[in-house]
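**Q** Mind having a look at this structure? Questions to follow.
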Amino acid sequence: MAAEYGWAEWLSMIASFLLVIGLLVATLFALKKLNLGIGGDEGKRLKILEVKNLGARQKLLLVSVNTEQILLGLTPQGITRLGGWEAHEALADDSLKTDAAAEQKGKNFKQFLSQTVKRQKD
């Protein structure tokens, strides 16, 4: 007793198969874009801190090696070291920028508040 399938059943099976293959390809593409690695980075000396895509095939990578941070340019032709500095220097620079930005926001808010109070008095 062989089961016979009509055109509708065959088309339905082929469409289902293509849908599953398409979902598999989309999942693999998403995993590649998100850079999800298996396992943790604990105890490793080499870490990728940030990745900035500049184009289809160009990237900037901020890499940490031991106590040094290195900025790399990645192209299809090769990898170029763009700069490097000690990790504690980068943290100090970031905290200074954050403090300056917070101070500027505080000044802007003070000016806005004083202008609003003056308008209400008038």
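Lettering and numbering for the structure tokens are positional, with chains as A, B, ... in the shown order, residues counted from 1 in each chain, and ligands counted from 1 in the shown order.
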Looking only at strand (DSSP E) from DSSP on the backbone, list the matching residues of segment 27-82 of chain A as a list of chain:residue names.

**A**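 Written out, the strand (DSSP E) residues of segment 27-82 of chain A are A:Leu46, A:Lys47, A:Ile48, A:Leu49, A:Glu50, A:Val51, A:Lys52, A:Asn53, A:Lys59, A:Leu60, A:Leu61, A:Leu62, A:Val63, A:Ser64, A:Val65, A:Glu68, A:Gln69, A:Ile70, A:Leu71, A:Leu72, A:Gly73, A:Leu74, A:Thr75, A:Gly78, A:Ile79, A:Thr80, A:Arg81, A:Leu82.
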
**Q** Next, write the just-selected residues to a file, as a JSON list (two decimals), in the first residue's frame, keeping C-alpha atoms as the atom set.

**A**
```json
[["chain", "number", "residue", "atom", "x", "y", "z"],
["A", 46, "LEU", "CA", 43.00, 38.60, 24.60],
["A", 47, "LYS", "CA", 39.56, 40.23, 24.47],
["A", 48, "ILE", "CA", 37.66, 42.12, 21.79],
["A", 49, "LEU", "CA", 36.19, 45.09, 23.65],
["A", 50, "GLU", "CA", 34.32, 46.81, 20.82],
["A", 51, "VAL", "CA", 33.69, 46.42, 17.10],
["A", 52, "LYS", "CA", 32.58, 49.30, 14.88],
["A", 53, "ASN", "CA", 31.49, 48.44, 11.33],
["A", 59, "LYS", "CA", 35.82, 47.41, 10.76],
["A", 60, "LEU", "CA", 37.48, 49.09, 13.70],
["A", 61, "LEU", "CA", 38.35, 46.74, 16.54],
["A", 62, "LEU", "CA", 39.29, 47.70, 20.08],
["A", 63, "VAL", "CA", 41.28, 44.79, 21.48],
["A", 64, "SER", "CA", 42.60, 44.29, 25.00],
["A", 65, "VAL", "CA", 45.84, 42.34, 25.38],
["A", 68, "GLU", "CA", 47.17, 47.26, 26.80],
["A", 69, "GLN", "CA", 44.32, 48.36, 24.55],
["A", 70, "ILE", "CA", 44.96, 48.36, 20.81],
["A", 71, "LEU", "CA", 42.87, 49.96, 18.07],
["A", 72, "LEU", "CA", 42.97, 47.91, 14.85],
["A", 73, "GLY", "CA", 41.68, 48.64, 11.36],
["A", 74, "LEU", "CA", 40.39, 45.52, 9.60],
["A", 75, "THR", "CA", 39.96, 45.39, 5.80],
["A", 78, "GLY", "CA", 44.84, 43.13, 6.01],
["A", 79, "ILE", "CA", 44.93, 44.39, 9.59],
["A", 80, "THR", "CA", 46.52, 47.72, 10.55],
["A", 81, "ARG", "CA", 47.42, 48.87, 14.05],
["A", 82, "LEU", "CA", 46.04, 52.38, 14.44]]
```

**Q** Could you work out how far atom CA of Pro76 of chain A lies from atom CA of Ala56 of chain A, giving the answer in Å with one decimal?

**A**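 Computing the Euclidean distance for atom CA of Ala56 of chain A and atom CA of Pro76 of chain A yields 10.1 Å.
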
**Q** Would you mind reading off the distance between atom CA of Asn66 of chain A and atom CA of Leu34 of chain A, one decimal, in Å?

**A**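 Atom-to-atom, atom CA of Asn66 of chain A to atom CA of Leu34 of chain A, that is 24.5 Å.
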
**Q** What separation in Å, quoted to one decimal, exists between atom CA of Gln58 of chain A and atom CA of Glu86 of chain A?

**A**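 Value for the atom CA of Gln58 of chain A-atom CA of Glu86 of chain A distance: 24.9 Å.
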
**Q** Compare A:Glu4, A:Leu23, A:Gly55, A:Ala87 by their minimum atom-to-atom distance to Thr67 of chain A, counting only C-alpha atoms, and give me the closest one.

**A**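 Closest residue, counting only C-alpha atoms: A:Ala87.
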